[in-house]
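Trainee: Sending over model.cif (mmCIF, N, CA and C atoms).
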```
data_model
loop_
_atom_site.label_atom_id
_atom_site.label_comp_id
_atom_site.auth_asym_id
_atom_site.auth_seq_id
_atom_site.Cartn_x
_atom_site.Cartn_y
_atom_site.Cartn_z
N PHE A 222 -39.40 34.28 -9.49
CA PHE A 222 -39.29 35.71 -9.35
C PHE A 222 -37.82 36.04 -9.19
N GLY A 223 -37.33 36.98 -10.00
CA GLY A 223 -35.93 37.31 -9.91
C GLY A 223 -35.66 38.77 -10.23
N LEU A 224 -34.47 39.21 -9.82
CA LEU A 224 -34.02 40.56 -10.15
C LEU A 224 -32.50 40.57 -10.19
N ILE A 225 -31.95 41.51 -10.92
CA ILE A 225 -30.51 41.70 -11.00
C ILE A 225 -30.16 42.91 -10.15
N ASP A 226 -29.16 42.74 -9.26
CA ASP A 226 -28.82 43.80 -8.33
C ASP A 226 -27.36 43.68 -7.92
N ASN A 227 -26.60 44.74 -8.11
CA ASN A 227 -25.20 44.80 -7.65
C ASN A 227 -24.39 43.58 -8.05
N GLY A 228 -24.47 43.18 -9.31
CA GLY A 228 -23.67 42.07 -9.82
C GLY A 228 -24.17 40.70 -9.45
N LYS A 229 -25.40 40.63 -8.93
CA LYS A 229 -25.98 39.35 -8.54
C LYS A 229 -27.33 39.17 -9.23
N PHE A 230 -27.66 37.91 -9.50
CA PHE A 230 -29.02 37.56 -9.88
C PHE A 230 -29.65 36.95 -8.64
N VAL A 231 -30.73 37.55 -8.15
CA VAL A 231 -31.41 37.09 -6.94
C VAL A 231 -32.77 36.55 -7.37
N TYR A 232 -33.09 35.33 -6.93
CA TYR A 232 -34.38 34.77 -7.31
C TYR A 232 -35.04 34.09 -6.11
N TYR A 233 -36.37 34.05 -6.18
CA TYR A 233 -37.19 33.48 -5.12
C TYR A 233 -38.03 32.38 -5.75
N SER A 234 -37.80 31.14 -5.35
CA SER A 234 -38.49 30.01 -5.96
C SER A 234 -39.82 29.74 -5.26
N TYR A 235 -40.69 29.02 -5.94
CA TYR A 235 -41.98 28.65 -5.36
C TYR A 235 -41.82 27.75 -4.13
N LEU A 236 -40.64 27.18 -3.94
CA LEU A 236 -40.39 26.31 -2.79
C LEU A 236 -39.92 27.08 -1.57
N GLY A 237 -39.88 28.41 -1.65
CA GLY A 237 -39.53 29.23 -0.50
C GLY A 237 -38.05 29.46 -0.32
N LYS A 238 -37.25 29.25 -1.36
CA LYS A 238 -35.81 29.46 -1.27
C LYS A 238 -35.43 30.74 -2.02
N LEU A 239 -34.71 31.62 -1.34
CA LEU A 239 -34.19 32.85 -1.93
C LEU A 239 -32.69 32.66 -2.11
N GLU A 240 -32.19 32.86 -3.34
CA GLU A 240 -30.77 32.65 -3.61
C GLU A 240 -30.21 33.81 -4.41
N ALA A 241 -28.91 34.08 -4.18
CA ALA A 241 -28.18 35.10 -4.93
C ALA A 241 -27.03 34.40 -5.67
N ILE A 242 -26.94 34.65 -6.96
CA ILE A 242 -25.90 34.07 -7.82
C ILE A 242 -25.02 35.20 -8.34
N ASP A 243 -23.72 35.05 -8.24
CA ASP A 243 -22.77 36.03 -8.77
C ASP A 243 -22.82 35.99 -10.29
N LEU A 244 -23.14 37.13 -10.93
CA LEU A 244 -23.27 37.17 -12.39
C LEU A 244 -21.94 36.97 -13.09
N ALA A 245 -20.83 37.33 -12.48
CA ALA A 245 -19.52 37.20 -13.12
C ALA A 245 -19.01 35.76 -13.11
N THR A 246 -19.32 35.02 -12.04
CA THR A 246 -18.76 33.68 -11.89
C THR A 246 -19.80 32.56 -11.95
N GLY A 247 -21.05 32.89 -11.69
CA GLY A 247 -22.09 31.86 -11.60
C GLY A 247 -22.12 31.15 -10.26
N ASN A 248 -21.26 31.59 -9.34
CA ASN A 248 -21.22 30.97 -8.01
C ASN A 248 -22.36 31.45 -7.14
N LEU A 249 -22.79 30.57 -6.24
CA LEU A 249 -23.81 30.90 -5.26
C LEU A 249 -23.20 31.83 -4.22
N VAL A 250 -23.81 32.99 -4.01
CA VAL A 250 -23.31 33.96 -3.02
C VAL A 250 -23.92 33.65 -1.66
N TRP A 251 -25.21 33.45 -1.61
CA TRP A 251 -25.90 33.07 -0.39
C TRP A 251 -27.25 32.46 -0.74
N THR A 252 -27.80 31.72 0.21
CA THR A 252 -29.12 31.14 0.06
C THR A 252 -29.86 31.27 1.39
N THR A 253 -31.15 31.53 1.31
CA THR A 253 -31.99 31.64 2.50
C THR A 253 -33.25 30.83 2.25
N SER A 254 -33.58 29.96 3.18
CA SER A 254 -34.82 29.21 3.09
C SER A 254 -35.83 29.89 3.99
N LEU A 255 -36.94 30.31 3.39
CA LEU A 255 -37.98 30.96 4.18
C LEU A 255 -38.94 29.95 4.77
N GLY A 256 -38.71 28.68 4.48
CA GLY A 256 -39.43 27.61 5.15
C GLY A 256 -40.87 27.44 4.73
N THR A 257 -41.28 28.10 3.65
CA THR A 257 -42.66 27.97 3.20
C THR A 257 -42.68 27.85 1.69
N GLU A 258 -43.75 27.31 1.19
CA GLU A 258 -43.98 27.33 -0.25
C GLU A 258 -44.91 28.48 -0.56
N GLY A 259 -45.02 28.85 -1.82
CA GLY A 259 -45.98 29.87 -2.21
C GLY A 259 -45.38 31.23 -2.46
N ALA A 260 -44.19 31.29 -3.06
CA ALA A 260 -43.59 32.58 -3.39
C ALA A 260 -44.50 33.33 -4.34
N LYS A 261 -44.74 34.60 -4.05
CA LYS A 261 -45.59 35.42 -4.90
C LYS A 261 -44.92 36.71 -5.32
N GLY A 262 -43.71 36.99 -4.89
CA GLY A 262 -43.07 38.21 -5.35
C GLY A 262 -41.74 38.48 -4.67
N LEU A 263 -40.86 39.18 -5.41
CA LEU A 263 -39.58 39.63 -4.91
C LEU A 263 -39.40 41.06 -5.40
N TYR A 264 -39.12 41.97 -4.49
CA TYR A 264 -38.99 43.39 -4.82
C TYR A 264 -37.76 43.95 -4.12
N LYS A 265 -37.23 45.05 -4.65
CA LYS A 265 -36.16 45.78 -3.96
C LYS A 265 -36.76 47.10 -3.49
N LYS A 266 -36.57 47.38 -2.20
CA LYS A 266 -37.13 48.60 -1.60
C LYS A 266 -36.17 49.09 -0.54
N ASN A 267 -35.74 50.35 -0.65
CA ASN A 267 -34.86 50.96 0.35
C ASN A 267 -33.62 50.11 0.63
N ASP A 268 -32.97 49.66 -0.42
CA ASP A 268 -31.74 48.85 -0.31
C ASP A 268 -31.95 47.54 0.43
N ARG A 269 -33.16 47.03 0.45
CA ARG A 269 -33.48 45.73 1.02
C ARG A 269 -34.36 44.99 0.02
N TYR A 270 -34.42 43.67 0.14
CA TYR A 270 -35.33 42.88 -0.67
C TYR A 270 -36.58 42.59 0.16
N LEU A 271 -37.72 42.60 -0.50
CA LEU A 271 -38.98 42.19 0.12
C LEU A 271 -39.48 40.97 -0.63
N THR A 272 -39.85 39.93 0.10
CA THR A 272 -40.46 38.76 -0.52
C THR A 272 -41.90 38.65 -0.04
N LEU A 273 -42.78 38.21 -0.93
CA LEU A 273 -44.17 37.95 -0.59
C LEU A 273 -44.40 36.45 -0.67
N THR A 274 -44.97 35.89 0.38
CA THR A 274 -45.25 34.46 0.43
C THR A 274 -46.67 34.26 0.94
N VAL A 275 -47.43 33.40 0.26
CA VAL A 275 -48.79 33.08 0.70
C VAL A 275 -48.79 31.68 1.31
N ARG A 276 -49.31 31.57 2.53
CA ARG A 276 -49.49 30.29 3.21
C ARG A 276 -50.96 30.20 3.63
N GLU A 277 -51.74 29.47 2.86
CA GLU A 277 -53.16 29.31 3.13
C GLU A 277 -53.82 30.67 3.26
N THR A 278 -54.12 31.13 4.48
CA THR A 278 -54.78 32.44 4.64
C THR A 278 -53.84 33.48 5.24
N ILE A 279 -52.54 33.28 5.06
CA ILE A 279 -51.53 34.18 5.61
C ILE A 279 -50.67 34.73 4.48
N LEU A 280 -50.38 36.02 4.53
CA LEU A 280 -49.43 36.65 3.61
C LEU A 280 -48.25 37.14 4.45
N ASP A 281 -47.06 36.61 4.16
CA ASP A 281 -45.85 37.04 4.86
C ASP A 281 -45.05 37.97 3.96
N ILE A 282 -44.57 39.08 4.53
CA ILE A 282 -43.65 39.98 3.86
C ILE A 282 -42.34 39.91 4.63
N HIS A 283 -41.31 39.34 4.02
CA HIS A 283 -39.99 39.23 4.64
C HIS A 283 -39.11 40.36 4.12
N THR A 284 -38.38 41.01 5.02
CA THR A 284 -37.37 41.99 4.64
C THR A 284 -36.02 41.27 4.73
N ILE A 285 -35.27 41.29 3.62
CA ILE A 285 -34.04 40.52 3.49
C ILE A 285 -32.85 41.46 3.30
N ASN A 286 -31.75 41.20 4.00
CA ASN A 286 -30.50 41.93 3.83
C ASN A 286 -29.86 41.45 2.53
N PRO A 287 -29.61 42.35 1.54
CA PRO A 287 -29.09 41.89 0.25
C PRO A 287 -27.64 41.41 0.29
N ALA A 288 -26.87 41.82 1.29
CA ALA A 288 -25.47 41.39 1.37
C ALA A 288 -25.34 39.97 1.90
N SER A 289 -26.18 39.62 2.88
CA SER A 289 -26.04 38.32 3.55
C SER A 289 -27.18 37.35 3.27
N GLY A 290 -28.35 37.87 2.86
CA GLY A 290 -29.53 37.03 2.69
C GLY A 290 -30.28 36.79 3.98
N ASP A 291 -29.84 37.42 5.07
CA ASP A 291 -30.50 37.24 6.36
C ASP A 291 -31.87 37.91 6.38
N VAL A 292 -32.83 37.26 7.03
CA VAL A 292 -34.15 37.84 7.24
C VAL A 292 -34.05 38.84 8.38
N GLU A 293 -34.37 40.10 8.09
CA GLU A 293 -34.30 41.15 9.11
C GLU A 293 -35.63 41.39 9.79
N ASN A 294 -36.73 41.11 9.07
CA ASN A 294 -38.06 41.38 9.62
C ASN A 294 -39.08 40.55 8.86
N THR A 295 -40.14 40.14 9.54
CA THR A 295 -41.26 39.46 8.89
C THR A 295 -42.55 40.10 9.36
N LEU A 296 -43.37 40.51 8.40
CA LEU A 296 -44.69 41.06 8.69
C LEU A 296 -45.71 40.06 8.18
N THR A 297 -46.71 39.74 8.98
CA THR A 297 -47.73 38.77 8.60
C THR A 297 -49.09 39.44 8.55
N LEU A 298 -49.79 39.26 7.43
CA LEU A 298 -51.16 39.73 7.27
C LEU A 298 -52.06 38.51 7.15
N THR A 299 -53.19 38.52 7.84
CA THR A 299 -54.16 37.44 7.71
C THR A 299 -55.15 37.80 6.61
N LEU A 300 -55.30 36.90 5.65
CA LEU A 300 -56.17 37.14 4.50
C LEU A 300 -57.56 36.59 4.78
N ALA A 301 -58.48 36.92 3.87
CA ALA A 301 -59.84 36.39 3.98
C ALA A 301 -59.79 34.86 3.88
N PRO A 302 -60.75 34.18 4.50
CA PRO A 302 -60.73 32.72 4.47
C PRO A 302 -60.92 32.18 3.05
N ASP A 303 -60.53 30.94 2.86
CA ASP A 303 -60.69 30.23 1.59
C ASP A 303 -59.90 30.87 0.45
N ASN A 304 -58.76 31.46 0.77
CA ASN A 304 -57.90 32.00 -0.28
C ASN A 304 -57.52 30.88 -1.24
N GLN A 305 -57.70 31.14 -2.53
CA GLN A 305 -57.30 30.15 -3.52
C GLN A 305 -55.88 30.47 -3.96
N PHE A 306 -54.97 29.58 -3.63
CA PHE A 306 -53.54 29.84 -3.80
C PHE A 306 -53.19 30.28 -5.22
N ASP A 307 -53.71 29.63 -6.24
CA ASP A 307 -53.31 29.93 -7.61
C ASP A 307 -53.88 31.25 -8.12
N ASP A 308 -54.85 31.80 -7.45
CA ASP A 308 -55.48 33.03 -7.91
C ASP A 308 -55.23 34.16 -6.94
N PHE A 309 -53.98 34.39 -6.66
CA PHE A 309 -53.57 35.48 -5.78
C PHE A 309 -52.54 36.29 -6.54
N GLY A 310 -52.72 37.60 -6.59
CA GLY A 310 -51.74 38.46 -7.25
C GLY A 310 -51.44 39.64 -6.36
N ALA A 311 -50.22 40.15 -6.44
CA ALA A 311 -49.83 41.27 -5.59
C ALA A 311 -48.79 42.12 -6.29
N THR A 312 -48.74 43.37 -5.90
CA THR A 312 -47.69 44.26 -6.35
C THR A 312 -47.37 45.24 -5.22
N ILE A 313 -46.12 45.70 -5.20
CA ILE A 313 -45.69 46.70 -4.23
C ILE A 313 -45.32 47.95 -4.99
N PHE A 314 -45.82 49.10 -4.51
CA PHE A 314 -45.49 50.38 -5.10
C PHE A 314 -45.26 51.38 -3.97
N GLU A 315 -44.08 52.00 -3.97
CA GLU A 315 -43.69 52.92 -2.90
C GLU A 315 -43.89 52.22 -1.55
N ASP A 316 -44.75 52.72 -0.67
CA ASP A 316 -44.95 52.11 0.64
C ASP A 316 -46.26 51.35 0.74
N TYR A 317 -46.78 50.88 -0.41
CA TYR A 317 -48.08 50.24 -0.44
C TYR A 317 -48.02 48.85 -1.04
N LEU A 318 -48.87 47.98 -0.54
CA LEU A 318 -49.06 46.64 -1.06
C LEU A 318 -50.49 46.56 -1.57
N PHE A 319 -50.64 46.14 -2.82
CA PHE A 319 -51.95 46.02 -3.45
C PHE A 319 -52.10 44.57 -3.86
N PHE A 320 -53.16 43.88 -3.39
CA PHE A 320 -53.31 42.49 -3.77
C PHE A 320 -54.76 42.10 -3.97
N VAL A 321 -54.95 41.05 -4.77
CA VAL A 321 -56.27 40.51 -5.06
C VAL A 321 -56.28 39.04 -4.67
N GLN A 322 -57.40 38.60 -4.10
CA GLN A 322 -57.64 37.21 -3.77
C GLN A 322 -58.85 36.73 -4.53
N LYS A 323 -58.73 35.58 -5.15
CA LYS A 323 -59.87 34.94 -5.79
C LYS A 323 -60.17 33.66 -5.02
N PHE A 324 -61.42 33.30 -4.93
CA PHE A 324 -61.83 32.21 -4.04
C PHE A 324 -62.31 31.01 -4.83
N ASN A 325 -62.23 29.84 -4.19
CA ASN A 325 -62.70 28.61 -4.81
C ASN A 325 -64.00 28.17 -4.15
N GLY A 326 -64.49 27.04 -4.57
CA GLY A 326 -65.73 26.52 -4.00
C GLY A 326 -66.85 26.52 -5.03
N ALA A 327 -67.98 25.93 -4.63
CA ALA A 327 -69.11 25.79 -5.54
C ALA A 327 -69.73 27.14 -5.90
N SER A 328 -69.89 28.03 -4.95
CA SER A 328 -70.44 29.36 -5.18
C SER A 328 -69.50 30.39 -4.55
N PRO A 329 -68.34 30.60 -5.17
CA PRO A 329 -67.36 31.48 -4.53
C PRO A 329 -67.79 32.93 -4.55
N PRO A 330 -67.40 33.69 -3.54
CA PRO A 330 -67.67 35.13 -3.57
C PRO A 330 -66.80 35.80 -4.61
N ASP A 331 -67.12 37.04 -4.89
CA ASP A 331 -66.30 37.80 -5.84
C ASP A 331 -64.90 37.99 -5.26
N PRO A 332 -63.92 38.19 -6.15
CA PRO A 332 -62.56 38.45 -5.66
C PRO A 332 -62.51 39.69 -4.78
N LYS A 333 -61.55 39.70 -3.86
CA LYS A 333 -61.35 40.84 -2.98
C LYS A 333 -60.06 41.55 -3.33
N LEU A 334 -60.14 42.85 -3.45
CA LEU A 334 -58.97 43.70 -3.65
C LEU A 334 -58.66 44.36 -2.31
N THR A 335 -57.38 44.42 -1.97
CA THR A 335 -56.96 45.03 -0.71
C THR A 335 -55.78 45.94 -0.95
N MET A 336 -55.81 47.12 -0.33
CA MET A 336 -54.67 48.04 -0.32
C MET A 336 -54.21 48.15 1.11
N ALA A 337 -52.90 47.91 1.33
CA ALA A 337 -52.33 47.98 2.67
C ALA A 337 -51.00 48.72 2.60
N THR A 338 -50.57 49.22 3.73
CA THR A 338 -49.24 49.80 3.81
C THR A 338 -48.25 48.67 4.13
N LEU A 339 -46.98 48.93 3.92
CA LEU A 339 -45.98 47.89 4.15
C LEU A 339 -45.74 47.61 5.64
N ASP A 340 -46.39 48.37 6.52
CA ASP A 340 -46.32 48.04 7.94
C ASP A 340 -47.50 47.16 8.36
N GLY A 341 -48.36 46.77 7.39
CA GLY A 341 -49.46 45.86 7.66
C GLY A 341 -50.80 46.52 7.90
N THR A 342 -50.88 47.83 7.81
CA THR A 342 -52.15 48.53 8.00
C THR A 342 -53.00 48.39 6.74
N VAL A 343 -54.18 47.81 6.87
CA VAL A 343 -55.08 47.68 5.73
C VAL A 343 -55.83 48.99 5.57
N LEU A 344 -55.69 49.59 4.38
CA LEU A 344 -56.36 50.87 4.10
C LEU A 344 -57.77 50.67 3.60
N TRP A 345 -57.96 49.66 2.76
CA TRP A 345 -59.31 49.35 2.28
C TRP A 345 -59.34 47.97 1.66
N THR A 346 -60.53 47.39 1.64
CA THR A 346 -60.81 46.12 0.96
C THR A 346 -62.13 46.29 0.24
N THR A 347 -62.19 45.79 -0.98
CA THR A 347 -63.43 45.88 -1.75
C THR A 347 -63.58 44.63 -2.59
N GLU A 348 -64.80 44.32 -2.98
CA GLU A 348 -65.06 43.20 -3.88
C GLU A 348 -65.27 43.73 -5.28
N ILE A 349 -64.91 42.92 -6.26
CA ILE A 349 -65.09 43.31 -7.65
C ILE A 349 -65.62 42.10 -8.41
N ALA A 350 -66.61 42.36 -9.27
CA ALA A 350 -67.12 41.27 -10.10
C ALA A 350 -66.00 40.78 -10.99
N ASP A 351 -65.87 39.47 -11.11
CA ASP A 351 -64.78 38.88 -11.89
C ASP A 351 -65.34 38.18 -13.11
N THR A 352 -65.14 38.79 -14.26
CA THR A 352 -65.57 38.16 -15.52
C THR A 352 -64.38 37.85 -16.39
N PHE A 353 -63.19 37.89 -15.83
CA PHE A 353 -61.96 37.72 -16.59
C PHE A 353 -61.26 36.43 -16.20
N TYR A 354 -60.61 35.81 -17.16
CA TYR A 354 -59.81 34.63 -16.88
C TYR A 354 -58.35 35.02 -16.60
N ASN A 355 -57.90 36.08 -17.22
CA ASN A 355 -56.54 36.55 -16.99
C ASN A 355 -56.61 37.80 -16.13
N GLN A 356 -55.87 37.79 -15.04
CA GLN A 356 -55.94 38.89 -14.10
C GLN A 356 -54.59 39.57 -14.00
N TRP A 357 -54.61 40.88 -13.79
CA TRP A 357 -53.36 41.59 -13.59
C TRP A 357 -53.58 42.75 -12.65
N LEU A 358 -52.51 43.12 -11.98
CA LEU A 358 -52.52 44.21 -11.02
C LEU A 358 -51.47 45.22 -11.42
N LEU A 359 -51.76 46.49 -11.19
CA LEU A 359 -50.79 47.54 -11.45
C LEU A 359 -51.02 48.67 -10.47
N GLN A 360 -49.95 49.14 -9.85
CA GLN A 360 -50.03 50.28 -8.94
C GLN A 360 -49.16 51.39 -9.53
N THR A 361 -49.74 52.55 -9.73
CA THR A 361 -49.02 53.69 -10.30
C THR A 361 -49.23 54.90 -9.40
N PRO A 362 -48.50 55.99 -9.65
CA PRO A 362 -48.72 57.20 -8.85
C PRO A 362 -50.14 57.75 -8.96
N THR A 363 -50.83 57.43 -10.05
CA THR A 363 -52.18 57.98 -10.24
C THR A 363 -53.29 57.03 -9.85
N GLY A 364 -52.98 55.80 -9.48
CA GLY A 364 -54.06 54.91 -9.07
C GLY A 364 -53.68 53.46 -9.07
N SER A 365 -54.62 52.64 -8.59
CA SER A 365 -54.49 51.19 -8.55
C SER A 365 -55.39 50.61 -9.62
N TYR A 366 -54.90 49.60 -10.35
CA TYR A 366 -55.66 49.04 -11.44
C TYR A 366 -55.76 47.53 -11.29
N TYR A 367 -56.94 46.99 -11.55
CA TYR A 367 -57.17 45.55 -11.57
C TYR A 367 -57.92 45.25 -12.85
N ASN A 368 -57.29 44.50 -13.75
CA ASN A 368 -57.89 44.17 -15.06
C ASN A 368 -58.41 45.39 -15.79
N GLY A 369 -57.71 46.51 -15.67
CA GLY A 369 -58.07 47.71 -16.40
C GLY A 369 -59.00 48.66 -15.66
N TYR A 370 -59.57 48.20 -14.53
CA TYR A 370 -60.43 49.07 -13.73
C TYR A 370 -59.61 49.83 -12.72
N GLN A 371 -59.84 51.13 -12.59
CA GLN A 371 -59.07 51.94 -11.64
C GLN A 371 -59.80 52.01 -10.31
N TYR A 372 -59.00 51.93 -9.20
CA TYR A 372 -59.55 52.03 -7.84
C TYR A 372 -58.81 53.09 -7.08
#
```
Before anything else, please render the file you have as structure tokens.

Mentor:
Amino acid sequence: FGLIDNGKFVYYSYLGKLEAIDLATGNLVWTTSLGTEGAKGLYKKNDRYLTLTVRETILDIHTINPASGDVENTLTLTLAPDNQFDDFGATIFEDYLFFVQKFNGASPPDPKLTMATLDGTVLWTTEIADTFYNQWLLQTPTGSYYNGYQY
């Protein structure tokens, strides 16, 4: 996951390392280890970076200072049990986090969609029948979409 911002390329690796590279020189500007694996997203919001990390049944949202790479805040949400790491998708839009969890096991339940605010308040959770192999999430001013279905 990466973005270009103020002359830097900032990326978040699956190994939990967030790094900023100077686009003019290629030099490392700063690096931050979030100490976990499972990077699921990097966003810029209100002049700060937000990273999403999944750890088993936990979703961490780190707020990062773009000048130094320092972690300013961490918000933790507890997810439904048996989260399947490879089948988790999320997007941030304005002050909302929209994510889907798909489950593993012999008779897994249907995937769960959740809408939460960036302060960790869960607004709603719902299940959706999953007949798709490729999944995508989109949050727009007019609605939330999962595989083309609006919620």

Trainee: Just give me the gap between atom N of Ser254 in chain A and CA of Phe230 in chain A in Å, one decimal is fine.

Mentor: 15.8 Å

Trainee: Please provide as number ranges by chain all residues within 8 Å of Thr297 in chain A, with the sequence filter that same-chain residues fewer than 4 positions apart are discarded (counting all atoms listed in the file).

Mentor: A: 279-283, 340-341

Trainee: Smallest atom-to-atom distance to Thr299 in chain A: which of A:Val275, A:Ala311, A:Leu224, A:Leu318, using only C-alpha atoms?

Mentor: A:Val275

Trainee: Contacts of Arg276 in chain A at 8 Å or less, counting only C-alpha atoms, minus same-chain residues fewer than 6 places along, as JSON, numbers by chain?

Mentor: {"A": [257, 258, 259]}

Trainee: Tell me which of A:Phe314, A:Leu255, A:Thr246, A:Val321 sits closest to Leu334 in chain A, counting only N, CA and C atoms.

Mentor: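 Among the listed residues, A:Val321 lies closest to Leu334 in chain A.
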
Trainee: Could you state the separation of atom N of Glu240 in chain A and atom N of Thr253 in chain A in Å, given to one decimal place?

Mentor: 4.9 Å

Trainee: Interatomic distance between atom N of Gly256 in chain A and atom N of Lys238 in chain A?

Mentor: 6.0 Å

Trainee: Find the residues around Thr284 in chain A up to 12 Å (only C-alpha atoms counted), leave out those fewer than 2 positions away in its own chain, and share them as a PyMOL selection string.

Mentor: chain A and resi 239+253+255+263-274+281-282+286-287+289-297+339-340

Trainee: So what does the PyMOL selection byres ((chain A and resi 344-348) around 7) actually pick up in this one, as a ChimeraX atom specification?

Mentor: /A:331-338,341-343,349-350
